[in-house]
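What's in my_file36.cif: mmCIF, N, CA and C atoms
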```
data_work
loop_
_atom_site.label_atom_id
_atom_site.label_comp_id
_atom_site.auth_asym_id
_atom_site.auth_seq_id
_atom_site.Cartn_x
_atom_site.Cartn_y
_atom_site.Cartn_z
N MET A 1 95.89 95.89 112.07
CA MET A 1 95.17 96.06 110.83
C MET A 1 96.17 96.33 109.70
N LYS A 2 96.14 95.51 108.68
CA LYS A 2 97.06 95.66 107.56
C LYS A 2 96.52 96.72 106.60
N SER A 3 97.40 97.61 106.19
CA SER A 3 97.02 98.67 105.27
C SER A 3 96.91 98.11 103.85
N LYS A 4 96.01 98.67 103.06
CA LYS A 4 95.92 98.28 101.66
C LYS A 4 96.99 98.99 100.83
N PHE A 5 97.74 99.88 101.48
CA PHE A 5 98.79 100.63 100.79
C PHE A 5 100.15 100.00 101.04
N GLU A 6 100.99 100.02 100.02
CA GLU A 6 102.35 99.48 100.14
C GLU A 6 103.36 100.56 100.51
N ASN A 7 103.04 101.83 100.20
CA ASN A 7 103.96 102.93 100.51
C ASN A 7 103.19 104.25 100.56
N VAL A 8 103.87 105.30 101.00
CA VAL A 8 103.21 106.59 101.18
C VAL A 8 102.89 107.29 99.86
N PHE A 9 103.56 106.93 98.78
CA PHE A 9 103.20 107.49 97.48
C PHE A 9 101.76 107.09 97.14
N GLN A 10 101.39 105.85 97.45
CA GLN A 10 100.03 105.39 97.21
C GLN A 10 99.03 106.13 98.10
N VAL A 11 99.43 106.43 99.32
CA VAL A 11 98.57 107.22 100.22
C VAL A 11 98.30 108.57 99.59
N ALA A 12 99.35 109.22 99.07
CA ALA A 12 99.19 110.53 98.43
C ALA A 12 98.36 110.42 97.15
N ALA A 13 98.55 109.36 96.39
CA ALA A 13 97.79 109.18 95.15
C ALA A 13 96.29 109.04 95.42
N HIS A 14 95.94 108.53 96.59
CA HIS A 14 94.53 108.41 96.98
C HIS A 14 94.04 109.65 97.72
N ARG A 15 94.84 110.72 97.71
CA ARG A 15 94.51 112.02 98.31
C ARG A 15 94.24 111.94 99.81
N LEU A 16 94.99 111.06 100.49
CA LEU A 16 94.87 110.94 101.94
C LEU A 16 96.04 111.60 102.67
N CYS A 17 97.06 112.01 101.93
CA CYS A 17 98.24 112.64 102.53
C CYS A 17 97.87 114.01 103.10
N VAL A 18 98.33 114.28 104.33
CA VAL A 18 98.08 115.58 104.95
C VAL A 18 99.29 116.51 104.82
N GLY A 19 100.36 116.05 104.18
CA GLY A 19 101.51 116.90 103.92
C GLY A 19 102.41 117.18 105.11
N CYS A 20 102.41 116.30 106.10
CA CYS A 20 103.17 116.57 107.33
C CYS A 20 104.66 116.29 107.21
N GLY A 21 105.07 115.40 106.30
CA GLY A 21 106.48 115.08 106.13
C GLY A 21 107.03 114.00 107.04
N THR A 22 106.18 113.38 107.86
CA THR A 22 106.63 112.34 108.78
C THR A 22 107.30 111.20 108.04
N CYS A 23 106.77 110.81 106.90
CA CYS A 23 107.32 109.69 106.13
C CYS A 23 108.77 109.95 105.72
N PHE A 24 109.05 111.19 105.35
CA PHE A 24 110.41 111.56 104.95
C PHE A 24 111.38 111.38 106.11
N TYR A 25 110.99 111.84 107.28
CA TYR A 25 111.88 111.82 108.43
C TYR A 25 112.04 110.43 109.04
N ILE A 26 111.02 109.58 108.89
CA ILE A 26 111.08 108.28 109.56
C ILE A 26 111.71 107.20 108.68
N CYS A 27 111.81 107.41 107.39
CA CYS A 27 112.34 106.38 106.49
C CYS A 27 113.82 106.11 106.78
N PRO A 28 114.14 104.91 107.26
CA PRO A 28 115.53 104.62 107.61
C PRO A 28 116.45 104.53 106.39
N GLU A 29 115.89 104.25 105.24
CA GLU A 29 116.68 104.10 104.02
C GLU A 29 116.69 105.37 103.16
N LYS A 30 116.01 106.41 103.63
CA LYS A 30 115.94 107.71 102.93
C LYS A 30 115.47 107.55 101.48
N ARG A 31 114.46 106.73 101.30
CA ARG A 31 113.90 106.52 99.96
C ARG A 31 112.68 107.39 99.68
N VAL A 32 112.21 108.12 100.69
CA VAL A 32 111.07 109.01 100.52
C VAL A 32 111.60 110.43 100.32
N ARG A 33 111.11 111.10 99.28
CA ARG A 33 111.42 112.52 99.06
C ARG A 33 110.11 113.28 99.14
N LEU A 34 110.21 114.56 99.50
CA LEU A 34 109.04 115.42 99.54
C LEU A 34 109.11 116.40 98.40
N ILE A 35 108.02 116.55 97.69
CA ILE A 35 107.95 117.51 96.60
C ILE A 35 106.76 118.43 96.86
N ASP A 36 106.86 119.66 96.40
CA ASP A 36 105.77 120.62 96.57
C ASP A 36 104.98 120.68 95.27
N ILE A 37 103.77 120.19 95.31
CA ILE A 37 102.88 120.21 94.15
C ILE A 37 101.94 121.39 94.36
N GLU A 38 101.98 122.36 93.48
CA GLU A 38 101.28 123.62 93.69
C GLU A 38 99.82 123.45 94.09
N GLU A 39 99.09 122.58 93.42
CA GLU A 39 97.67 122.45 93.72
C GLU A 39 97.37 121.52 94.90
N ASP A 40 98.36 120.77 95.37
CA ASP A 40 98.13 119.81 96.47
C ASP A 40 98.94 120.10 97.72
N GLY A 41 100.07 120.76 97.59
CA GLY A 41 100.95 120.99 98.73
C GLY A 41 102.10 119.99 98.73
N ILE A 42 102.73 119.83 99.87
CA ILE A 42 103.89 118.94 99.99
C ILE A 42 103.40 117.50 100.03
N ARG A 43 103.98 116.68 99.15
CA ARG A 43 103.57 115.28 99.03
C ARG A 43 104.81 114.40 98.88
N PRO A 44 104.71 113.14 99.32
CA PRO A 44 105.84 112.23 99.22
C PRO A 44 105.93 111.59 97.84
N THR A 45 107.14 111.27 97.46
CA THR A 45 107.39 110.45 96.29
C THR A 45 108.47 109.45 96.70
N ILE A 46 108.55 108.36 96.01
CA ILE A 46 109.49 107.30 96.36
C ILE A 46 110.65 107.33 95.38
N GLU A 47 111.86 107.20 95.91
CA GLU A 47 113.07 107.18 95.08
C GLU A 47 113.01 106.00 94.11
N PRO A 48 113.68 106.14 92.95
CA PRO A 48 113.74 105.01 92.01
C PRO A 48 114.26 103.76 92.73
N GLY A 49 113.67 102.64 92.44
CA GLY A 49 114.06 101.40 93.12
C GLY A 49 113.04 101.00 94.17
N GLY A 50 112.13 101.92 94.48
CA GLY A 50 111.05 101.61 95.41
C GLY A 50 111.45 101.58 96.86
N CYS A 51 110.51 101.14 97.67
CA CYS A 51 110.71 101.06 99.12
C CYS A 51 111.48 99.81 99.48
N GLY A 52 112.00 99.82 100.70
CA GLY A 52 112.66 98.65 101.25
C GLY A 52 111.62 97.73 101.87
N ALA A 53 112.04 96.96 102.83
CA ALA A 53 111.18 95.95 103.43
C ALA A 53 110.35 96.48 104.59
N CYS A 54 110.69 97.64 105.15
CA CYS A 54 109.96 98.13 106.33
C CYS A 54 108.66 98.82 105.93
N ASP A 55 107.81 99.09 106.91
CA ASP A 55 106.59 99.85 106.66
C ASP A 55 106.45 100.96 107.70
N LEU A 56 107.59 101.48 108.16
CA LEU A 56 107.57 102.52 109.19
C LEU A 56 106.80 103.76 108.74
N CYS A 57 106.94 104.13 107.48
CA CYS A 57 106.24 105.33 106.99
C CYS A 57 104.73 105.15 107.07
N LEU A 58 104.25 103.97 106.76
CA LEU A 58 102.81 103.73 106.82
C LEU A 58 102.31 103.68 108.27
N LYS A 59 103.12 103.11 109.15
CA LYS A 59 102.73 103.04 110.56
C LYS A 59 102.65 104.44 111.18
N ALA A 60 103.48 105.37 110.69
CA ALA A 60 103.51 106.72 111.25
C ALA A 60 102.58 107.69 110.53
N CYS A 61 102.01 107.30 109.40
CA CYS A 61 101.24 108.21 108.54
C CYS A 61 99.89 108.60 109.16
N PRO A 62 99.70 109.89 109.48
CA PRO A 62 98.40 110.31 110.01
C PRO A 62 97.31 110.33 108.94
N GLY A 63 97.70 110.35 107.68
CA GLY A 63 96.72 110.34 106.61
C GLY A 63 95.89 109.07 106.58
N LEU A 64 96.48 107.96 107.01
CA LEU A 64 95.72 106.71 107.04
C LEU A 64 94.63 106.75 108.09
N ASP A 65 94.82 107.54 109.14
CA ASP A 65 93.77 107.68 110.15
C ASP A 65 92.54 108.37 109.58
N THR A 66 92.71 109.13 108.50
CA THR A 66 91.56 109.81 107.92
C THR A 66 90.61 108.84 107.24
N THR A 67 91.04 107.59 107.06
CA THR A 67 90.17 106.59 106.46
C THR A 67 89.25 105.97 107.51
N LEU A 68 89.51 106.24 108.78
CA LEU A 68 88.65 105.71 109.85
C LEU A 68 87.40 106.57 109.99
N PRO A 69 86.26 105.95 110.24
CA PRO A 69 85.07 106.74 110.55
C PRO A 69 85.33 107.54 111.84
N MET A 70 84.65 108.67 112.01
CA MET A 70 84.90 109.55 113.16
C MET A 70 84.72 108.83 114.49
N ASP A 71 83.77 107.90 114.61
CA ASP A 71 83.60 107.20 115.88
C ASP A 71 84.81 106.33 116.20
N GLN A 72 85.42 105.72 115.19
CA GLN A 72 86.62 104.92 115.42
C GLN A 72 87.82 105.82 115.71
N LEU A 73 87.89 106.97 115.05
CA LEU A 73 88.96 107.92 115.30
C LEU A 73 88.90 108.40 116.75
N SER A 74 87.69 108.66 117.24
CA SER A 74 87.52 109.06 118.63
C SER A 74 87.94 107.96 119.58
N LYS A 75 87.61 106.71 119.26
CA LYS A 75 88.01 105.58 120.10
C LYS A 75 89.52 105.43 120.13
N LYS A 76 90.16 105.70 119.00
CA LYS A 76 91.62 105.58 118.93
C LYS A 76 92.28 106.56 119.90
N SER A 77 91.67 107.72 120.13
CA SER A 77 92.23 108.69 121.06
C SER A 77 91.71 108.47 122.48
N ASN A 78 91.07 107.31 122.72
CA ASN A 78 90.53 106.94 124.03
C ASN A 78 89.51 107.95 124.53
N GLY A 79 88.83 108.66 123.64
CA GLY A 79 87.79 109.60 124.04
C GLY A 79 88.33 110.85 124.71
N GLN A 80 89.64 111.03 124.74
CA GLN A 80 90.22 112.20 125.40
C GLN A 80 90.34 113.34 124.41
N GLU A 81 90.15 114.54 124.93
CA GLU A 81 90.33 115.72 124.09
C GLU A 81 91.81 116.03 123.95
N ASP A 82 92.18 116.49 122.78
CA ASP A 82 93.53 116.96 122.57
C ASP A 82 93.72 118.22 123.40
N LYS A 83 94.82 118.31 124.13
CA LYS A 83 95.04 119.45 125.03
C LYS A 83 95.13 120.77 124.29
N ARG A 84 95.60 120.75 123.05
CA ARG A 84 95.74 122.00 122.30
C ARG A 84 94.49 122.36 121.52
N TRP A 85 93.80 121.37 120.95
CA TRP A 85 92.74 121.66 120.00
C TRP A 85 91.35 121.28 120.46
N GLY A 86 91.24 120.51 121.54
CA GLY A 86 89.91 120.09 121.99
C GLY A 86 89.47 118.82 121.29
N ARG A 87 88.17 118.56 121.30
CA ARG A 87 87.62 117.36 120.68
C ARG A 87 87.66 117.48 119.16
N ILE A 88 88.11 116.44 118.50
CA ILE A 88 88.20 116.45 117.03
C ILE A 88 86.84 116.13 116.45
N LEU A 89 86.29 117.06 115.68
CA LEU A 89 85.01 116.85 115.02
C LEU A 89 85.19 116.50 113.55
N GLU A 90 86.15 117.16 112.91
CA GLU A 90 86.46 116.92 111.51
C GLU A 90 87.95 117.16 111.30
N ILE A 91 88.47 116.60 110.24
CA ILE A 91 89.88 116.81 109.90
C ILE A 91 89.92 117.48 108.53
N TRP A 92 90.64 118.59 108.47
CA TRP A 92 90.79 119.35 107.24
C TRP A 92 92.27 119.59 107.00
N GLU A 93 92.62 119.85 105.77
CA GLU A 93 93.99 120.23 105.43
C GLU A 93 93.97 121.67 104.98
N GLY A 94 94.98 122.42 105.37
CA GLY A 94 95.06 123.81 104.95
C GLY A 94 96.47 124.32 105.04
N PHE A 95 96.67 125.55 104.59
CA PHE A 95 97.99 126.18 104.67
C PHE A 95 97.78 127.68 104.67
N ALA A 96 98.83 128.38 105.08
CA ALA A 96 98.78 129.84 105.16
C ALA A 96 98.70 130.43 103.75
N GLY A 97 97.91 131.48 103.61
CA GLY A 97 97.81 132.17 102.33
C GLY A 97 99.03 133.03 102.04
N ASP A 98 99.72 133.47 103.08
CA ASP A 98 100.94 134.27 102.93
C ASP A 98 102.08 133.31 102.58
N SER A 99 102.67 133.47 101.39
CA SER A 99 103.68 132.50 100.92
C SER A 99 104.91 132.45 101.82
N GLU A 100 105.30 133.57 102.42
CA GLU A 100 106.47 133.55 103.31
C GLU A 100 106.19 132.69 104.54
N ILE A 101 105.02 132.86 105.15
CA ILE A 101 104.64 132.05 106.31
C ILE A 101 104.47 130.60 105.90
N ARG A 102 103.85 130.36 104.74
CA ARG A 102 103.59 128.99 104.28
C ARG A 102 104.88 128.20 104.13
N PHE A 103 105.89 128.80 103.52
CA PHE A 103 107.10 128.04 103.22
C PHE A 103 108.13 128.08 104.33
N LYS A 104 108.02 129.02 105.25
CA LYS A 104 108.95 129.06 106.38
C LYS A 104 108.36 128.42 107.63
N GLY A 105 107.04 128.31 107.69
CA GLY A 105 106.38 127.75 108.86
C GLY A 105 106.30 126.23 108.78
N SER A 106 106.06 125.63 109.91
CA SER A 106 105.90 124.19 109.98
C SER A 106 104.56 123.79 109.39
N SER A 107 104.55 122.72 108.63
CA SER A 107 103.32 122.16 108.05
C SER A 107 102.46 123.19 107.33
N GLY A 108 103.09 124.05 106.57
CA GLY A 108 102.35 125.02 105.77
C GLY A 108 102.00 126.30 106.50
N GLY A 109 102.49 126.46 107.73
CA GLY A 109 102.32 127.72 108.45
C GLY A 109 100.90 128.00 108.93
N LEU A 110 100.04 127.00 108.95
CA LEU A 110 98.64 127.23 109.31
C LEU A 110 98.50 127.77 110.73
N CYS A 111 99.16 127.14 111.70
CA CYS A 111 99.03 127.60 113.10
C CYS A 111 99.62 129.00 113.27
N THR A 112 100.71 129.28 112.59
CA THR A 112 101.31 130.61 112.66
C THR A 112 100.35 131.65 112.09
N ALA A 113 99.76 131.36 110.94
CA ALA A 113 98.83 132.30 110.31
C ALA A 113 97.59 132.53 111.18
N LEU A 114 97.04 131.46 111.77
CA LEU A 114 95.88 131.62 112.65
C LEU A 114 96.23 132.43 113.89
N SER A 115 97.41 132.19 114.45
CA SER A 115 97.85 132.94 115.63
C SER A 115 98.02 134.41 115.30
N LEU A 116 98.63 134.73 114.16
CA LEU A 116 98.80 136.12 113.76
C LEU A 116 97.45 136.79 113.52
N PHE A 117 96.51 136.07 112.93
CA PHE A 117 95.18 136.62 112.72
C PHE A 117 94.53 136.98 114.06
N CYS A 118 94.61 136.08 115.03
CA CYS A 118 94.02 136.35 116.35
C CYS A 118 94.67 137.56 117.01
N LEU A 119 95.98 137.68 116.90
CA LEU A 119 96.68 138.84 117.46
C LEU A 119 96.26 140.12 116.76
N ASP A 120 96.19 140.09 115.42
CA ASP A 120 95.80 141.27 114.65
C ASP A 120 94.37 141.71 114.97
N GLU A 121 93.48 140.76 115.17
CA GLU A 121 92.09 141.07 115.44
C GLU A 121 91.82 141.27 116.94
N GLU A 122 92.88 141.24 117.73
CA GLU A 122 92.81 141.41 119.18
C GLU A 122 91.85 140.41 119.83
N GLN A 123 91.86 139.21 119.29
CA GLN A 123 91.05 138.14 119.88
C GLN A 123 91.84 137.36 120.93
N ILE A 124 93.14 137.59 120.98
CA ILE A 124 93.99 136.95 121.96
C ILE A 124 95.10 137.92 122.30
N ARG A 125 95.53 137.90 123.53
CA ARG A 125 96.60 138.79 123.95
C ARG A 125 97.83 137.94 124.30
N VAL A 126 99.01 138.48 124.03
CA VAL A 126 100.25 137.78 124.30
C VAL A 126 100.34 137.36 125.76
N SER A 127 99.82 138.18 126.69
CA SER A 127 99.89 137.85 128.12
C SER A 127 99.15 136.55 128.43
N GLU A 128 98.11 136.20 127.63
CA GLU A 128 97.39 134.95 127.82
C GLU A 128 98.22 133.75 127.44
N LEU A 129 99.21 133.95 126.59
CA LEU A 129 100.04 132.86 126.11
C LEU A 129 101.20 132.55 127.04
N GLU A 130 101.52 133.46 127.94
CA GLU A 130 102.68 133.27 128.81
C GLU A 130 102.35 132.41 130.00
#
```

Represent the structure contained in this file as structure tokens.
Amino acid sequence: MKSKFENVFQVAAHRLCVGCGTCFYICPEKRVRLIDIEEDGIRPTIEPGGCGACDLCLKACPGLDTTLPMDQLSKKSNGQEDKRWGRILEIWEGFAGDSEIRFKGSSGGLCTALSLFCLDEEQIRVSELE
């Protein structure tokens, strides 16, 4: 399936970017930069001169999967539950409210913040994680 997008900047402009940074790391020509936009989070931008001939960033972009209806998204995962999160019902973007966790944690520190919340509220014990 050919994407209607030519690069990840267009994905972000259509508010489909989830802020994961995959495009930055996969670009063989290092033409993708990540910038932190206060109201949106980390988003890609393209270096002056535009993209090269490849489309690796688009092939790796999880934001494009958000354009699929949920039944197609489920089919793409072969109906299997994710081992960490279970069955995907909806996809949301979020980040930690604590700025230190947000900027030091992976992908906005969301998993770290949720884990700390569960520990603080005694909803999970460290022994269960070992």

Quiz item: Suppose you want the space between atom C of Gly19 (chain A) and atom N of Asp40 (chain A); what is it in Å?
Solution: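 Computed distance, atom C of Gly19 (chain A) to atom N of Asp40 (chain A), equals 11.1 Å.
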
Self-check item: Between atom N of Leu16 (chain A) and atom N of Ser115 (chain A), distance in Å (one decimal)
Solution: 25.4 Å

Practice problem: For CA of Phe95 (chain A) and atom N of Leu119 (chain A), determine how far apart the two atoms are, in Å to one decimal place. | Solution: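 Separation of CA of Phe95 (chain A) and atom N of Leu119 (chain A): 16.9 Å.
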
Give as a PDB file with N, CA and C atoms, keeping the file's coordinate frame the residues that the PyMOL selection byres ((chain A and resi 26-34) around 6.5) matches when applied to the coordinates above.
```
ATOM      1  N   GLY A  21     105.070 115.400 106.300  1.00  0.00           N
ATOM      2  CA  GLY A  21     106.480 115.080 106.130  1.00  0.00           C
ATOM      3  C   GLY A  21     107.030 114.000 107.040  1.00  0.00           C
ATOM      4  N   THR A  22     106.180 113.380 107.860  1.00  0.00           N
ATOM      5  CA  THR A  22     106.630 112.340 108.780  1.00  0.00           C
ATOM      6  C   THR A  22     107.300 111.200 108.040  1.00  0.00           C
ATOM      7  N   CYS A  23     106.770 110.810 106.900  1.00  0.00           N
ATOM      8  CA  CYS A  23     107.320 109.690 106.130  1.00  0.00           C
ATOM      9  C   CYS A  23     108.770 109.950 105.720  1.00  0.00           C
ATOM     10  N   PHE A  24     109.050 111.190 105.350  1.00  0.00           N
ATOM     11  CA  PHE A  24     110.410 111.560 104.950  1.00  0.00           C
ATOM     12  C   PHE A  24     111.380 111.380 106.110  1.00  0.00           C
ATOM     13  N   TYR A  25     110.990 111.840 107.280  1.00  0.00           N
ATOM     14  CA  TYR A  25     111.880 111.820 108.430  1.00  0.00           C
ATOM     15  C   TYR A  25     112.040 110.430 109.040  1.00  0.00           C
ATOM     16  N   ILE A  35     108.020 116.550  97.690  1.00  0.00           N
ATOM     17  CA  ILE A  35     107.950 117.510  96.600  1.00  0.00           C
ATOM     18  C   ILE A  35     106.760 118.430  96.860  1.00  0.00           C
ATOM     19  N   ASP A  36     106.860 119.660  96.400  1.00  0.00           N
ATOM     20  CA  ASP A  36     105.770 120.620  96.570  1.00  0.00           C
ATOM     21  C   ASP A  36     104.980 120.680  95.270  1.00  0.00           C
ATOM     22  N   ILE A  42     102.730 119.830  99.870  1.00  0.00           N
ATOM     23  CA  ILE A  42     103.890 118.940  99.990  1.00  0.00           C
ATOM     24  C   ILE A  42     103.400 117.500 100.030  1.00  0.00           C
ATOM     25  N   ARG A  43     103.980 116.680  99.150  1.00  0.00           N
ATOM     26  CA  ARG A  43     103.570 115.280  99.030  1.00  0.00           C
ATOM     27  C   ARG A  43     104.810 114.400  98.880  1.00  0.00           C
ATOM     28  N   PRO A  44     104.710 113.140  99.320  1.00  0.00           N
ATOM     29  CA  PRO A  44     105.840 112.230  99.220  1.00  0.00           C
ATOM     30  C   PRO A  44     105.930 111.590  97.840  1.00  0.00           C
ATOM     31  N   THR A  45     107.140 111.270  97.460  1.00  0.00           N
ATOM     32  CA  THR A  45     107.390 110.450  96.290  1.00  0.00           C
ATOM     33  C   THR A  45     108.470 109.450  96.700  1.00  0.00           C
ATOM     34  N   ILE A  46     108.550 108.360  96.010  1.00  0.00           N
ATOM     35  CA  ILE A  46     109.490 107.300  96.360  1.00  0.00           C
ATOM     36  C   ILE A  46     110.650 107.330  95.380  1.00  0.00           C
ATOM     37  N   GLU A  47     111.860 107.200  95.910  1.00  0.00           N
ATOM     38  CA  GLU A  47     113.070 107.180  95.080  1.00  0.00           C
ATOM     39  C   GLU A  47     113.010 106.000  94.110  1.00  0.00           C
ATOM     40  N   GLY A  50     112.130 101.920  94.480  1.00  0.00           N
ATOM     41  CA  GLY A  50     111.050 101.610  95.410  1.00  0.00           C
ATOM     42  C   GLY A  50     111.450 101.580  96.860  1.00  0.00           C
ATOM     43  N   CYS A  51     110.510 101.140  97.670  1.00  0.00           N
ATOM     44  CA  CYS A  51     110.710 101.060  99.120  1.00  0.00           C
ATOM     45  C   CYS A  51     111.480  99.810  99.480  1.00  0.00           C
ATOM     46  N   LEU A  56     107.590 101.480 108.160  1.00  0.00           N
ATOM     47  CA  LEU A  56     107.570 102.520 109.190  1.00  0.00           C
ATOM     48  C   LEU A  56     106.800 103.760 108.740  1.00  0.00           C
ATOM     49  N   CYS A  57     106.940 104.130 107.480  1.00  0.00           N
ATOM     50  CA  CYS A  57     106.240 105.330 106.990  1.00  0.00           C
ATOM     51  C   CYS A  57     104.730 105.150 107.070  1.00  0.00           C
TER      52      CYS A  57
END
```

Self-check item: Best match for closeness to Cys54 (chain A) among A:Ile101, A:Ile37, A:Glu6, A:Val18, counting only C-alpha atoms
Solution: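 Ranked by minimum distance to Cys54 (chain A), first place goes to A:Glu6.
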
Practice problem: Go through the shown structure with the PyMOL selection byres (((chain A and resi 97 and name CA) around 12) and name CA) and write out the matching residues as a PyMOL selection string. | Solution: chain A and resi 94-96+98-103+105+108-114+117
